[in-house]
file protein11.pdb (PDB, C-alpha atoms and all ligand atoms)
ATOM      1  CA  MET A 845     -21.266 -53.197  71.086
ATOM      2  CA  VAL A 846     -20.092 -55.259  68.136
ATOM      3  CA  LYS A 847     -21.176 -58.437  69.857
ATOM      4  CA  ARG A 848     -24.661 -57.041  70.249
ATOM      5  CA  TYR A 849     -24.964 -56.544  66.487
ATOM      6  CA  ARG A 850     -23.710 -60.021  65.802
ATOM      7  CA  ASN A 851     -26.412 -61.321  68.091
ATOM      8  CA  CYS A 852     -28.998 -59.227  66.284
ATOM      9  CA  PHE A 853     -27.742 -60.624  63.003
ATOM     10  CA  VAL A 854     -28.066 -64.209  64.211
ATOM     11  CA  VAL A 855     -31.609 -63.503  65.368
ATOM     12  CA  ALA A 856     -32.397 -61.934  61.999
ATOM     13  CA  LEU A 857     -31.053 -64.998  60.247
ATOM     14  CA  LEU A 858     -33.075 -67.365  62.382
ATOM     15  CA  ALA A 859     -36.178 -65.356  61.650
ATOM     16  CA  ALA A 860     -35.527 -65.439  57.935
ATOM     17  CA  SER A 861     -35.286 -68.715  56.086
ATOM     18  CA  PHE A 862     -33.500 -67.184  53.127
ATOM     19  CA  SER A 863     -29.949 -65.982  52.558
ATOM     20  CA  LEU A 864     -29.467 -62.262  52.845
ATOM     21  CA  PRO A 865     -27.844 -60.616  49.853
ATOM     22  CA  GLY A 866     -24.229 -59.700  50.500
ATOM     23  CA  MET A 867     -23.863 -62.348  53.171
ATOM     24  CA  ALA A 868     -20.577 -64.209  52.949
ATOM     25  CA  ASP A 869     -20.810 -67.614  51.316
ATOM     26  CA  ASP A 870     -18.731 -70.152  53.216
ATOM     27  CA  SER A 871     -17.315 -71.533  50.013
ATOM     28  CA  MET A 872     -15.906 -68.140  49.101
ATOM     29  CA  GLY A 873     -14.867 -66.259  52.159
ATOM     30  CA  ASP A 874     -14.329 -68.414  55.236
ATOM     31  CA  SER A 875     -11.439 -66.672  56.931
ATOM     32  CA  SER A 876     -10.938 -69.553  59.387
ATOM     33  CA  ASN A 877      -9.513 -71.673  56.559
ATOM     34  CA  ASP A 878      -7.335 -68.907  55.249
ATOM     35  CA  VAL A 879      -3.966 -69.673  53.866
ATOM     36  CA  SER A 880      -2.220 -66.387  53.170
ATOM     37  CA  PRO A 881      -3.195 -65.559  49.598
ATOM     38  CA  GLN A 882      -0.417 -65.034  47.076
ATOM     39  CA  PRO A 883       0.239 -62.343  46.060
ATOM     40  CA  ARG A 884      -0.480 -60.510  49.294
ATOM     41  CA  THR A 885      -1.129 -57.096  47.748
ATOM     42  CA  THR A 886      -4.050 -56.332  45.446
ATOM     43  CA  VAL A 887      -4.935 -52.998  43.854
ATOM     44  CA  VAL A 888      -8.524 -52.242  42.859
ATOM     45  CA  MET A 889      -9.481 -49.156  40.857
ATOM     46  CA  MET A 890     -12.717 -48.266  42.655
ATOM     47  CA  GLY A 891     -13.164 -45.048  40.686
ATOM     48  CA  THR A 892     -11.239 -43.694  37.731
ATOM     49  CA  GLY A 893     -13.192 -40.590  36.746
ATOM     50  CA  THR A 894     -12.647 -36.853  36.480
ATOM     51  CA  PRO A 895     -15.110 -33.973  36.863
ATOM     52  CA  VAL A 896     -16.486 -34.969  33.420
ATOM     53  CA  LEU A 897     -19.683 -37.039  33.708
ATOM     54  CA  LYS A 898     -19.179 -40.675  32.698
ATOM     55  CA  HIS A 899     -21.738 -43.276  33.674
ATOM     56  CA  ASP A 900     -19.101 -46.011  33.813
ATOM     57  CA  ARG A 901     -16.520 -44.104  35.841
ATOM     58  CA  ALA A 902     -17.059 -43.348  39.525
ATOM     59  CA  GLY A 903     -15.003 -40.569  41.090
ATOM     60  CA  GLN A 904     -11.388 -41.051  42.020
ATOM     61  CA  ALA A 905     -10.776 -43.844  44.526
ATOM     62  CA  ILE A 906      -8.060 -46.480  44.661
ATOM     63  CA  LEU A 907      -8.144 -49.442  47.043
ATOM     64  CA  ILE A 908      -5.053 -51.337  48.109
ATOM     65  CA  VAL A 909      -5.673 -54.535  50.049
ATOM     66  CA  VAL A 910      -2.837 -56.276  51.894
ATOM     67  CA  ASP A 911      -3.718 -59.513  53.676
ATOM     68  CA  LYS A 912      -7.343 -58.285  53.867
ATOM     69  CA  GLN A 913      -6.419 -54.941  55.385
ATOM     70  CA  MET A 914      -7.703 -52.084  53.267
ATOM     71  CA  TYR A 915      -6.112 -48.761  52.403
ATOM     72  CA  LEU A 916      -8.167 -46.254  50.411
ATOM     73  CA  PHE A 917      -6.789 -43.362  48.409
ATOM     74  CA  ASP A 918      -9.231 -40.569  47.624
ATOM     75  CA  ALA A 919     -13.010 -40.679  47.936
ATOM     76  CA  GLY A 920     -14.534 -39.379  44.734
ATOM     77  CA  PRO A 921     -18.267 -39.525  44.031
ATOM     78  CA  GLY A 922     -20.043 -42.869  43.883
ATOM     79  CA  PHE A 923     -17.252 -45.365  44.448
ATOM     80  CA  VAL A 924     -18.547 -46.996  47.640
ATOM     81  CA  LYS A 925     -21.178 -49.138  45.925
ATOM     82  CA  GLY A 926     -18.372 -50.756  43.902
ATOM     83  CA  PHE A 927     -17.430 -52.809  46.965
ATOM     84  CA  ASP A 928     -20.443 -54.983  46.193
ATOM     85  CA  ALA A 929     -18.667 -56.230  43.074
ATOM     86  CA  LEU A 930     -15.768 -57.428  45.241
ATOM     87  CA  SER A 931     -17.958 -59.512  47.551
ATOM     88  CA  GLY A 932     -16.571 -63.021  47.974
ATOM     89  CA  LYS A 933     -13.192 -62.294  46.358
ATOM     90  CA  SER A 934     -10.505 -64.201  48.235
ATOM     91  CA  PHE A 935      -8.397 -61.104  48.896
ATOM     92  CA  MET A 936     -11.279 -59.166  50.466
ATOM     93  CA  PRO A 937     -12.468 -59.046  54.093
ATOM     94  CA  GLU A 938     -15.738 -60.792  54.865
ATOM     95  CA  ASP A 939     -18.865 -59.187  53.467
ATOM     96  CA  ILE A 940     -21.224 -59.540  56.406
ATOM     97  CA  TYR A 941     -23.526 -57.021  58.013
ATOM     98  CA  PHE A 942     -23.403 -55.235  61.345
ATOM     99  CA  SER A 943     -19.889 -56.222  62.344
ATOM    100  CA  ASN A 944     -16.697 -54.215  62.541
ATOM    101  CA  ASP A 945     -14.881 -57.399  61.450
ATOM    102  CA  SER A 946     -16.093 -57.039  57.907
ATOM    103  CA  VAL A 947     -15.520 -55.104  54.717
ATOM    104  CA  TYR A 948     -17.481 -52.243  56.318
ATOM    105  CA  GLY A 949     -15.217 -52.203  59.349
ATOM    106  CA  GLU A 950     -12.171 -52.324  57.112
ATOM    107  CA  MET A 951     -13.279 -49.144  55.317
ATOM    108  CA  ASN A 952     -11.451 -47.427  58.137
ATOM    109  CA  LYS A 953      -8.645 -45.385  56.597
ATOM    110  CA  VAL A 954      -8.475 -43.040  53.652
ATOM    111  CA  PHE A 955      -5.615 -40.953  52.331
ATOM    112  CA  ILE A 956      -6.749 -37.882  50.412
ATOM    113  CA  THR A 957      -4.547 -36.436  47.648
ATOM    114  CA  HIS A 958      -6.162 -32.976  47.575
ATOM    115  CA  LEU A 959      -9.489 -31.310  48.174
ATOM    116  CA  ASP A 960     -10.769 -30.912  44.604
ATOM    117  CA  SER A 961     -14.341 -32.199  44.647
ATOM    118  CA  ASP A 962     -13.775 -35.009  42.135
ATOM    119  CA  HIS A 963     -11.554 -36.556  44.854
ATOM    120  CA  VAL A 964     -13.713 -35.956  47.948
ATOM    121  CA  LEU A 965     -17.398 -35.873  46.932
ATOM    122  CA  GLY A 966     -17.668 -39.475  48.169
ATOM    123  CA  LEU A 967     -16.475 -38.642  51.674
ATOM    124  CA  PRO A 968     -19.949 -38.333  53.259
ATOM    125  CA  GLU A 969     -20.788 -41.769  51.868
ATOM    126  CA  LEU A 970     -17.538 -43.259  53.170
ATOM    127  CA  MET A 971     -18.107 -41.678  56.574
ATOM    128  CA  LEU A 972     -21.726 -42.727  57.004
ATOM    129  CA  ARG A 973     -22.609 -45.788  54.943
ATOM    130  CA  PRO A 974     -20.091 -48.256  56.468
ATOM    131  CA  TRP A 975     -21.084 -46.976  59.940
ATOM    132  CA  ILE A 976     -24.731 -47.914  59.329
ATOM    133  CA  MET A 977     -23.596 -51.337  58.127
ATOM    134  CA  GLY A 978     -21.146 -52.124  60.908
ATOM    135  CA  ARG A 979     -18.057 -49.958  61.263
ATOM    136  CA  SER A 980     -17.795 -49.176  64.981
ATOM    137  CA  GLU A 981     -14.484 -47.288  65.006
ATOM    138  CA  PRO A 982     -13.585 -43.798  63.782
ATOM    139  CA  LEU A 983     -12.612 -43.409  60.134
ATOM    140  CA  LYS A 984      -8.938 -42.467  59.944
ATOM    141  CA  MET A 985      -8.399 -39.699  57.410
ATOM    142  CA  VAL A 986      -5.117 -38.214  56.197
ATOM    143  CA  GLY A 987      -4.886 -35.287  53.815
ATOM    144  CA  PRO A 988      -4.060 -31.633  53.299
ATOM    145  CA  ARG A 989      -5.047 -28.666  55.444
ATOM    146  CA  GLY A 990      -8.784 -28.097  55.362
ATOM    147  CA  LEU A 991      -9.683 -31.786  55.563
ATOM    148  CA  ASN A 992     -10.578 -31.578  59.244
ATOM    149  CA  GLU A 993     -12.950 -28.687  58.659
ATOM    150  CA  MET A 994     -14.500 -30.500  55.709
ATOM    151  CA  ALA A 995     -15.096 -33.630  57.819
ATOM    152  CA  SER A 996     -16.635 -31.567  60.646
ATOM    153  CA  ASN A 997     -18.908 -29.806  58.182
ATOM    154  CA  ILE A 998     -20.012 -33.131  56.699
ATOM    155  CA  ILE A 999     -20.956 -34.405  60.162
ATOM    156  CA  GLU A1000     -22.869 -31.174  60.775
ATOM    157  CA  ALA A1001     -24.645 -31.461  57.423
ATOM    158  CA  TYR A1002     -25.821 -35.000  58.186
ATOM    159  CA  GLN A1003     -26.591 -34.411  61.867
ATOM    160  CA  SER A1004     -30.295 -35.188  61.447
ATOM    161  CA  ASP A1005     -29.508 -38.607  59.998
ATOM    162  CA  ILE A1006     -26.872 -39.271  62.665
ATOM    163  CA  ASP A1007     -29.253 -38.288  65.476
ATOM    164  CA  HIS A1008     -32.064 -40.355  64.001
ATOM    165  CA  ARG A1009     -29.888 -43.462  63.936
ATOM    166  CA  LEU A1010     -28.228 -42.856  67.300
ATOM    167  CA  TYR A1011     -31.355 -41.967  69.239
ATOM    168  CA  GLY A1012     -34.135 -43.747  67.335
ATOM    169  CA  THR A1013     -35.072 -47.407  67.522
ATOM    170  CA  GLN A1014     -32.328 -48.611  65.189
ATOM    171  CA  PRO A1015     -29.347 -50.291  66.905
ATOM    172  CA  ALA A1016     -26.353 -48.029  66.327
ATOM    173  CA  ASN A1017     -22.855 -47.515  67.657
ATOM    174  CA  GLU A1018     -21.508 -44.140  68.736
ATOM    175  CA  LEU A1019     -18.131 -44.060  67.014
ATOM    176  CA  GLY A1020     -18.469 -45.391  63.475
ATOM    177  CA  PHE A1021     -19.455 -42.054  61.945
ATOM    178  CA  THR A1022     -16.678 -40.129  63.692
ATOM    179  CA  VAL A1023     -13.343 -39.270  62.146
ATOM    180  CA  ASP A1024      -9.742 -39.130  63.239
ATOM    181  CA  VAL A1025      -8.132 -36.598  60.910
ATOM    182  CA  THR A1026      -4.431 -35.934  60.390
ATOM    183  CA  GLU A1027      -3.603 -32.904  58.266
ATOM    184  CA  ILE A1028      -0.272 -32.857  56.470
ATOM    185  CA  SER A1029       1.713 -30.282  54.522
ATOM    186  CA  ASP A1030       5.075 -31.970  53.965
ATOM    187  CA  ASN A1031       6.620 -35.107  52.583
ATOM    188  CA  GLN A1032       6.264 -37.619  55.394
ATOM    189  CA  VAL A1033       5.336 -41.132  56.450
ATOM    190  CA  VAL A1034       1.632 -40.873  57.254
ATOM    191  CA  HIS A1035       0.813 -44.463  58.207
ATOM    192  CA  GLU A1036       2.783 -47.495  59.247
ATOM    193  CA  ASP A1037       1.585 -50.922  60.324
ATOM    194  CA  ASP A1038       2.763 -54.497  59.808
ATOM    195  CA  LYS A1039       1.227 -54.599  56.309
ATOM    196  CA  ALA A1040       2.060 -51.246  54.746
ATOM    197  CA  THR A1041       4.030 -48.051  55.025
ATOM    198  CA  VAL A1042       2.319 -45.080  53.379
ATOM    199  CA  THR A1043       4.408 -42.026  52.536
ATOM    200  CA  ALA A1044       2.925 -38.774  51.269
ATOM    201  CA  PHE A1045       4.837 -36.572  48.843
ATOM    202  CA  ARG A1046       3.936 -33.137  47.592
ATOM    203  CA  VAL A1047       2.935 -32.742  43.960
ATOM    204  CA  PRO A1048       2.400 -29.567  41.908
ATOM    205  CA  HIS A1049      -1.205 -29.317  40.753
ATOM    206  CA  GLY A1050      -2.361 -26.081  39.155
ATOM    207  CA  SER A1051      -2.822 -23.204  41.539
ATOM    208  CA  TRP A1052      -3.027 -25.289  44.724
ATOM    209  CA  ALA A1053      -0.377 -23.906  47.081
ATOM    210  CA  GLU A1054       2.640 -26.053  47.805
ATOM    211  CA  GLY A1055       1.765 -28.632  50.454
ATOM    212  CA  MET A1056      -1.913 -28.754  49.465
ATOM    213  CA  SER A1057      -1.709 -31.566  46.917
ATOM    214  CA  PHE A1058      -0.132 -35.003  47.416
ATOM    215  CA  GLY A1059       0.796 -38.312  45.881
ATOM    216  CA  TYR A1060       1.253 -41.456  47.966
ATOM    217  CA  ARG A1061       3.862 -44.195  47.946
ATOM    218  CA  VAL A1062       2.708 -47.472  49.479
ATOM    219  CA  GLU A1063       5.249 -50.126  50.401
ATOM    220  CA  THR A1064       3.959 -53.579  51.357
ATOM    221  CA  PRO A1065       5.771 -56.900  51.902
ATOM    222  CA  ASP A1066       5.545 -57.778  48.209
ATOM    223  CA  LYS A1067       4.914 -54.552  46.281
ATOM    224  CA  THR A1068       5.570 -50.868  45.930
ATOM    225  CA  VAL A1069       2.578 -48.998  44.561
ATOM    226  CA  VAL A1070       2.816 -45.281  43.790
ATOM    227  CA  ILE A1071      -0.239 -43.074  43.267
ATOM    228  CA  SER A1072       0.481 -39.739  41.614
ATOM    229  CA  GLY A1073      -2.681 -37.877  42.550
ATOM    230  CA  ASP A1074      -3.409 -34.984  40.208
ATOM    231  CA  THR A1075      -0.136 -33.438  39.129
ATOM    232  CA  ARG A1076       1.671 -31.765  36.293
ATOM    233  CA  HIS A1077       4.829 -33.356  34.964
ATOM    234  CA  ASP A1078       7.796 -32.551  37.171
ATOM    235  CA  GLU A1079      11.079 -34.472  37.146
ATOM    236  CA  ALA A1080      11.514 -33.644  40.841
ATOM    237  CA  LEU A1081       8.818 -36.273  41.509
ATOM    238  CA  TYR A1082      10.817 -39.102  39.966
ATOM    239  CA  GLU A1083      12.563 -39.878  43.253
ATOM    240  CA  HIS A1084       9.154 -40.740  44.740
ATOM    241  CA  PHE A1085       8.209 -42.897  41.729
ATOM    242  CA  GLU A1086      11.510 -44.782  41.711
ATOM    243  CA  GLY A1087      11.184 -48.541  42.297
ATOM    244  CA  ALA A1088       7.403 -48.646  41.810
ATOM    245  CA  ASP A1089       6.087 -52.049  40.748
ATOM    246  CA  ILE A1090       2.790 -50.390  39.901
ATOM    247  CA  LEU A1091       2.741 -46.688  39.082
ATOM    248  CA  ILE A1092      -0.781 -45.271  38.957
ATOM    249  CA  HIS A1093      -0.640 -41.883  37.277
ATOM    250  CA  GLU A1094      -3.132 -39.321  36.041
ATOM    251  CA  VAL A1095      -3.153 -38.572  32.315
ATOM    252  CA  MET A1096      -4.539 -36.253  29.679
ATOM    253  CA  SER A1097      -4.685 -36.666  25.930
ATOM    254  CA  LYS A1098      -1.960 -34.646  24.220
ATOM    255  CA  ALA A1099      -4.011 -34.583  21.024
ATOM    256  CA  GLY A1100      -7.105 -33.501  22.945
ATOM    257  CA  VAL A1101      -5.453 -30.714  24.887
ATOM    258  CA  GLY A1102      -3.721 -29.548  21.703
ATOM    259  CA  GLN A1103      -7.092 -28.568  20.251
ATOM    260  CA  MET A1104      -7.936 -26.213  23.106
ATOM    261  CA  ALA A1105      -7.450 -22.457  23.210
ATOM    262  CA  GLN A1106      -3.972 -21.445  24.344
ATOM    263  CA  ASP A1107      -5.060 -20.193  27.793
ATOM    264  CA  TRP A1108      -6.763 -23.533  28.495
ATOM    265  CA  GLN A1109      -3.700 -25.431  27.261
ATOM    266  CA  ASP A1110      -1.523 -23.366  29.621
ATOM    267  CA  TYR A1111      -3.869 -24.130  32.499
ATOM    268  CA  MET A1112      -3.998 -27.851  31.705
ATOM    269  CA  TYR A1113      -0.217 -28.254  31.459
ATOM    270  CA  HIS A1114       0.133 -26.393  34.749
ATOM    271  CA  ALA A1115      -2.167 -28.923  36.405
ATOM    272  CA  HIS A1116      -1.962 -32.205  34.504
ATOM    273  CA  THR A1117       0.332 -34.641  32.671
ATOM    274  CA  SER A1118       0.048 -35.508  28.976
ATOM    275  CA  THR A1119       0.483 -38.970  27.479
ATOM    276  CA  GLN A1120       3.834 -37.960  26.023
ATOM    277  CA  GLN A1121       5.058 -36.687  29.394
ATOM    278  CA  LEU A1122       3.766 -39.822  31.125
ATOM    279  CA  ALA A1123       5.667 -41.954  28.601
ATOM    280  CA  ASP A1124       8.838 -40.067  29.602
ATOM    281  CA  ILE A1125       8.091 -40.910  33.237
ATOM    282  CA  GLY A1126       7.453 -44.566  32.364
ATOM    283  CA  ASN A1127      10.686 -44.810  30.368
ATOM    284  CA  LYS A1128      12.673 -43.356  33.242
ATOM    285  CA  ILE A1129      11.020 -45.313  36.087
ATOM    286  CA  ALA A1130      10.281 -48.556  34.188
ATOM    287  CA  PRO A1131       7.491 -49.856  36.467
ATOM    288  CA  GLU A1132       6.218 -53.402  35.925
ATOM    289  CA  LEU A1133       2.849 -51.830  35.188
ATOM    290  CA  LEU A1134       1.984 -48.232  34.408
ATOM    291  CA  VAL A1135      -1.694 -47.506  35.053
ATOM    292  CA  MET A1136      -3.278 -44.438  33.505
ATOM    293  CA  THR A1137      -6.188 -43.093  35.514
ATOM    294  CA  HIS A1138      -8.210 -39.845  35.727
ATOM    295  CA  PRO A1139      -8.165 -39.642  31.900
ATOM    296  CA  LEU A1140      -8.819 -36.141  30.592
ATOM    297  CA  LEU A1141      -9.874 -36.894  27.047
ATOM    298  CA  PHE A1142     -10.989 -33.522  25.655
ATOM    299  CA  GLY A1143     -13.030 -35.105  22.878
ATOM    300  CA  GLN A1144     -10.833 -38.149  22.316
ATOM    301  CA  THR A1145     -12.096 -41.676  23.015
ATOM    302  CA  ASP A1146     -10.573 -44.129  25.473
ATOM    303  CA  GLU A1147      -9.235 -46.090  22.502
ATOM    304  CA  GLN A1148      -7.619 -43.002  20.991
ATOM    305  CA  LEU A1149      -5.990 -42.201  24.333
ATOM    306  CA  HIS A1150      -4.704 -45.753  24.573
ATOM    307  CA  ASP A1151      -3.316 -45.633  21.023
ATOM    308  CA  GLU A1152      -1.769 -42.233  21.659
ATOM    309  CA  MET A1153       0.084 -43.642  24.676
ATOM    310  CA  ALA A1154       1.158 -46.727  22.733
ATOM    311  CA  GLY A1155       2.742 -44.389  20.214
ATOM    312  CA  TYR A1156       4.980 -42.921  22.914
ATOM    313  CA  TYR A1157       5.545 -45.837  25.279
ATOM    314  CA  ASP A1158       6.739 -49.411  24.762
ATOM    315  CA  GLY A1159       6.355 -50.552  28.381
ATOM    316  CA  ASN A1160       3.480 -52.423  29.966
ATOM    317  CA  PHE A1161       0.591 -50.016  30.518
ATOM    318  CA  LYS A1162      -3.193 -49.941  30.967
ATOM    319  CA  LEU A1163      -5.877 -47.321  30.811
ATOM    320  CA  ALA A1164      -7.771 -48.057  34.028
ATOM    321  CA  SER A1165     -11.467 -48.902  34.095
ATOM    322  CA  ASP A1166     -13.564 -49.006  37.253
ATOM    323  CA  LEU A1167     -13.067 -52.245  39.215
ATOM    324  CA  ASP A1168      -9.880 -53.216  37.393
ATOM    325  CA  ILE A1169      -7.814 -55.438  39.666
ATOM    326  CA  TYR A1170      -4.008 -55.534  39.563
ATOM    327  CA  GLU A1171      -1.833 -58.008  41.458
TER
HETATM  328 ZN    ZN B   1      -8.998 -34.574  39.739
END

call {"tool": "encode", "arguments": {"input": "protein11.pdb", "output": "structure tokens"}}
result
Amino acid sequence: MVKRYRNCFVVALLAASFSLPGMADDSMGDSSNDVSPQPRTTVVMMGTGTPVLKHDRAGQAILIVVDKQMYLFDAGPGFVKGFDALSGKSFMPEDIYFSNDSVYGEMNKVFITHLDSDHVLGLPELMLRPWIMGRSEPLKMVGPRGLNEMASNIIEAYQSDIDHRLYGTQPANELGFTVDVTEISDNQVVHEDDKATVTAFRVPHGSWAEGMSFGYRVETPDKTVVISGDTRHDEALYEHFEGADILIHEVMSKAGVGQMAQDWQDYMYHAHTSTQQLADIGNKIAPELLVMTHPLLFGQTDEQLHDEMAGYYDGNFKLASDLDIYE
């Protein structure tokens, strides 16, 4: 199947005397000349947003790339197009069309923290768009109970498109839109290969029942990256944060939340972590880099949030922007 698309691509290239956009440039991405890039692990903040509309923040999505193998965490709205900005980067898989051996084919596993829509609205796009462009294997999905039903419902919702591509004149493969879902409810290793071990751990997030909301710890040959997911502050989580080189944690402005009505403050502290609480975590865990994401500002600016954190924390930290890259 894959070979057939490659052949189609060659024919398309012969027919066209111009370079197609997104096609790998030999000078940038020739994997045949690859020397293993150092460092081996790269983190890209594909989406850093919250339910609040921000034109410069896509929905939650974090990409970890280890030796060109990709691991995605969450699939919030609108993050998939951000892969275009990574085209040609030395740590990325090849950006070619209609091949499973490409960035599209490597969009093949996603670990979902919880089912709030700001973390999963991008799932239909992640399921369907890479398939059209070359992924020919099922998308592996890990997440809490309900994820399987959600994925089935997405396939049902887009059945007309799927049928049109499968049974129309467009060359299409039969597996790339399908999913292989594993539902979890406990702390456990959820993925292991020669590049990364991914361990899920339960986090307390508002009124989600226990075992319905997760963080992930990712251990690679050269880094430990921990992703908090959405969570309130809880010292019981520190054992999962311990030893993180990069700790990516949600945050809310303490000053911002302090201006809300008491019932909203109670709700927010039951679900989320303030700058001051995150500074306590940073001081205890001492990661090389503490990344603040999913900023709940409540009227504050990014700069004010950054300054607020600097007032509580002396360690190395960043407020994430979309497409930030950490190595
Ligand atoms: Zn969220």

call {"tool": "residues_near_ligand", "arguments": {"input": "protein11.pdb", "ligand": "ligand ZN 1 (chain B)", "cutoff": "12 Å", "atoms": "all atoms listed in the file", "output": "PDB file with C-alpha atoms, in the frame of the given file"}}
result
ATOM      1  CA  GLY A 891     -13.164 -45.048  40.686  1.00  0.00           C
ATOM      2  CA  THR A 892     -11.239 -43.694  37.731  1.00  0.00           C
ATOM      3  CA  GLY A 893     -13.192 -40.590  36.746  1.00  0.00           C
ATOM      4  CA  THR A 894     -12.647 -36.853  36.480  1.00  0.00           C
ATOM      5  CA  PRO A 895     -15.110 -33.973  36.863  1.00  0.00           C
ATOM      6  CA  VAL A 896     -16.486 -34.969  33.420  1.00  0.00           C
ATOM      7  CA  ALA A 902     -17.059 -43.348  39.525  1.00  0.00           C
ATOM      8  CA  GLY A 903     -15.003 -40.569  41.090  1.00  0.00           C
ATOM      9  CA  GLN A 904     -11.388 -41.051  42.020  1.00  0.00           C
ATOM     10  CA  ALA A 905     -10.776 -43.844  44.526  1.00  0.00           C
ATOM     11  CA  ASP A 918      -9.231 -40.569  47.624  1.00  0.00           C
ATOM     12  CA  ALA A 919     -13.010 -40.679  47.936  1.00  0.00           C
ATOM     13  CA  GLY A 920     -14.534 -39.379  44.734  1.00  0.00           C
ATOM     14  CA  PRO A 921     -18.267 -39.525  44.031  1.00  0.00           C
ATOM     15  CA  ILE A 956      -6.749 -37.882  50.412  1.00  0.00           C
ATOM     16  CA  THR A 957      -4.547 -36.436  47.648  1.00  0.00           C
ATOM     17  CA  HIS A 958      -6.162 -32.976  47.575  1.00  0.00           C
ATOM     18  CA  LEU A 959      -9.489 -31.310  48.174  1.00  0.00           C
ATOM     19  CA  ASP A 960     -10.769 -30.912  44.604  1.00  0.00           C
ATOM     20  CA  SER A 961     -14.341 -32.199  44.647  1.00  0.00           C
ATOM     21  CA  ASP A 962     -13.775 -35.009  42.135  1.00  0.00           C
ATOM     22  CA  HIS A 963     -11.554 -36.556  44.854  1.00  0.00           C
ATOM     23  CA  VAL A 964     -13.713 -35.956  47.948  1.00  0.00           C
ATOM     24  CA  LEU A 965     -17.398 -35.873  46.932  1.00  0.00           C
ATOM     25  CA  HIS A1049      -1.205 -29.317  40.753  1.00  0.00           C
ATOM     26  CA  GLY A1050      -2.361 -26.081  39.155  1.00  0.00           C
ATOM     27  CA  SER A1057      -1.709 -31.566  46.917  1.00  0.00           C
ATOM     28  CA  PHE A1058      -0.132 -35.003  47.416  1.00  0.00           C
ATOM     29  CA  SER A1072       0.481 -39.739  41.614  1.00  0.00           C
ATOM     30  CA  GLY A1073      -2.681 -37.877  42.550  1.00  0.00           C
ATOM     31  CA  ASP A1074      -3.409 -34.984  40.208  1.00  0.00           C
ATOM     32  CA  THR A1075      -0.136 -33.438  39.129  1.00  0.00           C
ATOM     33  CA  ARG A1076       1.671 -31.765  36.293  1.00  0.00           C
ATOM     34  CA  HIS A1093      -0.640 -41.883  37.277  1.00  0.00           C
ATOM     35  CA  GLU A1094      -3.132 -39.321  36.041  1.00  0.00           C
ATOM     36  CA  VAL A1095      -3.153 -38.572  32.315  1.00  0.00           C
ATOM     37  CA  MET A1096      -4.539 -36.253  29.679  1.00  0.00           C
ATOM     38  CA  MET A1112      -3.998 -27.851  31.705  1.00  0.00           C
ATOM     39  CA  ALA A1115      -2.167 -28.923  36.405  1.00  0.00           C
ATOM     40  CA  HIS A1116      -1.962 -32.205  34.504  1.00  0.00           C
ATOM     41  CA  THR A1117       0.332 -34.641  32.671  1.00  0.00           C
ATOM     42  CA  THR A1137      -6.188 -43.093  35.514  1.00  0.00           C
ATOM     43  CA  HIS A1138      -8.210 -39.845  35.727  1.00  0.00           C
ATOM     44  CA  PRO A1139      -8.165 -39.642  31.900  1.00  0.00           C
ATOM     45  CA  LEU A1140      -8.819 -36.141  30.592  1.00  0.00           C
TER      46      LEU A1140
END

call {"tool": "residues_around", "arguments": {"input": "protein11.pdb", "residues": "Glu1147 in chain A", "least_positions_apart": "5", "cutoff": "12 Å", "atoms": "only C-alpha atoms", "output": "list in words"}}
result
Ser1097, Pro1139, Leu1141, Glu1152, Met1153, Ala1154, Lys1162, Leu1163 and Ala1164 of chain A

call {"tool": "atom_distance", "arguments": {"input": "protein11.pdb", "atom1": "CA of Asp1151 in chain A", "atom2": "CA of Gln1120 in chain A"}}
result
11.6 Å

call {"tool": "closest_residue", "arguments": {"input": "protein11.pdb", "among": "A:Gly1055, A:Gly1159, A:Pro1048, A:Pro968", "to": "Leu1091 in chain A", "atoms": "only C-alpha atoms"}}
result
A:Gly1159

call {"tool": "residues_around", "arguments": {"input": "protein11.pdb", "residues": "Met914 in chain A", "least_positions_apart": "5", "cutoff": "9 Å", "atoms": "only C-alpha atoms", "output": "list of chain:residue names"}}
result
A:Leu907, A:Ile908, A:Val909, A:Met936, A:Pro937, A:Val947, A:Glu950, A:Met951, A:Asn952, A:Lys953

call {"tool": "resolve_selection", "arguments": {"input": "protein11.pdb", "expression": "the PyMOL selection byres (((chain A and resi 1156) around 12) and not hetatm)", "output": "mmCIF file with C-alpha atoms, in the frame of the given file"}}
result
data_model
loop_
_atom_site.group_PDB
_atom_site.id
_atom_site.type_symbol
_atom_site.label_atom_id
_atom_site.label_comp_id
_atom_site.auth_asym_id
_atom_site.auth_seq_id
_atom_site.Cartn_x
_atom_site.Cartn_y
_atom_site.Cartn_z
ATOM 1 C CA SER A 1097 -4.685 -36.666 25.930
ATOM 2 C CA LYS A 1098 -1.960 -34.646 24.220
ATOM 3 C CA SER A 1118 0.048 -35.508 28.976
ATOM 4 C CA THR A 1119 0.483 -38.970 27.479
ATOM 5 C CA GLN A 1120 3.834 -37.960 26.023
ATOM 6 C CA GLN A 1121 5.058 -36.687 29.394
ATOM 7 C CA LEU A 1122 3.766 -39.822 31.125
ATOM 8 C CA ALA A 1123 5.667 -41.954 28.601
ATOM 9 C CA ASP A 1124 8.838 -40.067 29.602
ATOM 10 C CA ILE A 1125 8.091 -40.910 33.237
ATOM 11 C CA GLY A 1126 7.453 -44.566 32.364
ATOM 12 C CA ASN A 1127 10.686 -44.810 30.368
ATOM 13 C CA LEU A 1149 -5.990 -42.201 24.333
ATOM 14 C CA HIS A 1150 -4.704 -45.753 24.573
ATOM 15 C CA ASP A 1151 -3.316 -45.633 21.023
ATOM 16 C CA GLU A 1152 -1.769 -42.233 21.659
ATOM 17 C CA MET A 1153 0.084 -43.642 24.676
ATOM 18 C CA ALA A 1154 1.158 -46.727 22.733
ATOM 19 C CA GLY A 1155 2.742 -44.389 20.214
ATOM 20 C CA TYR A 1157 5.545 -45.837 25.279
ATOM 21 C CA ASP A 1158 6.739 -49.411 24.762
ATOM 22 C CA GLY A 1159 6.355 -50.552 28.381
ATOM 23 C CA ASN A 1160 3.480 -52.423 29.966
ATOM 24 C CA PHE A 1161 0.591 -50.016 30.518
#
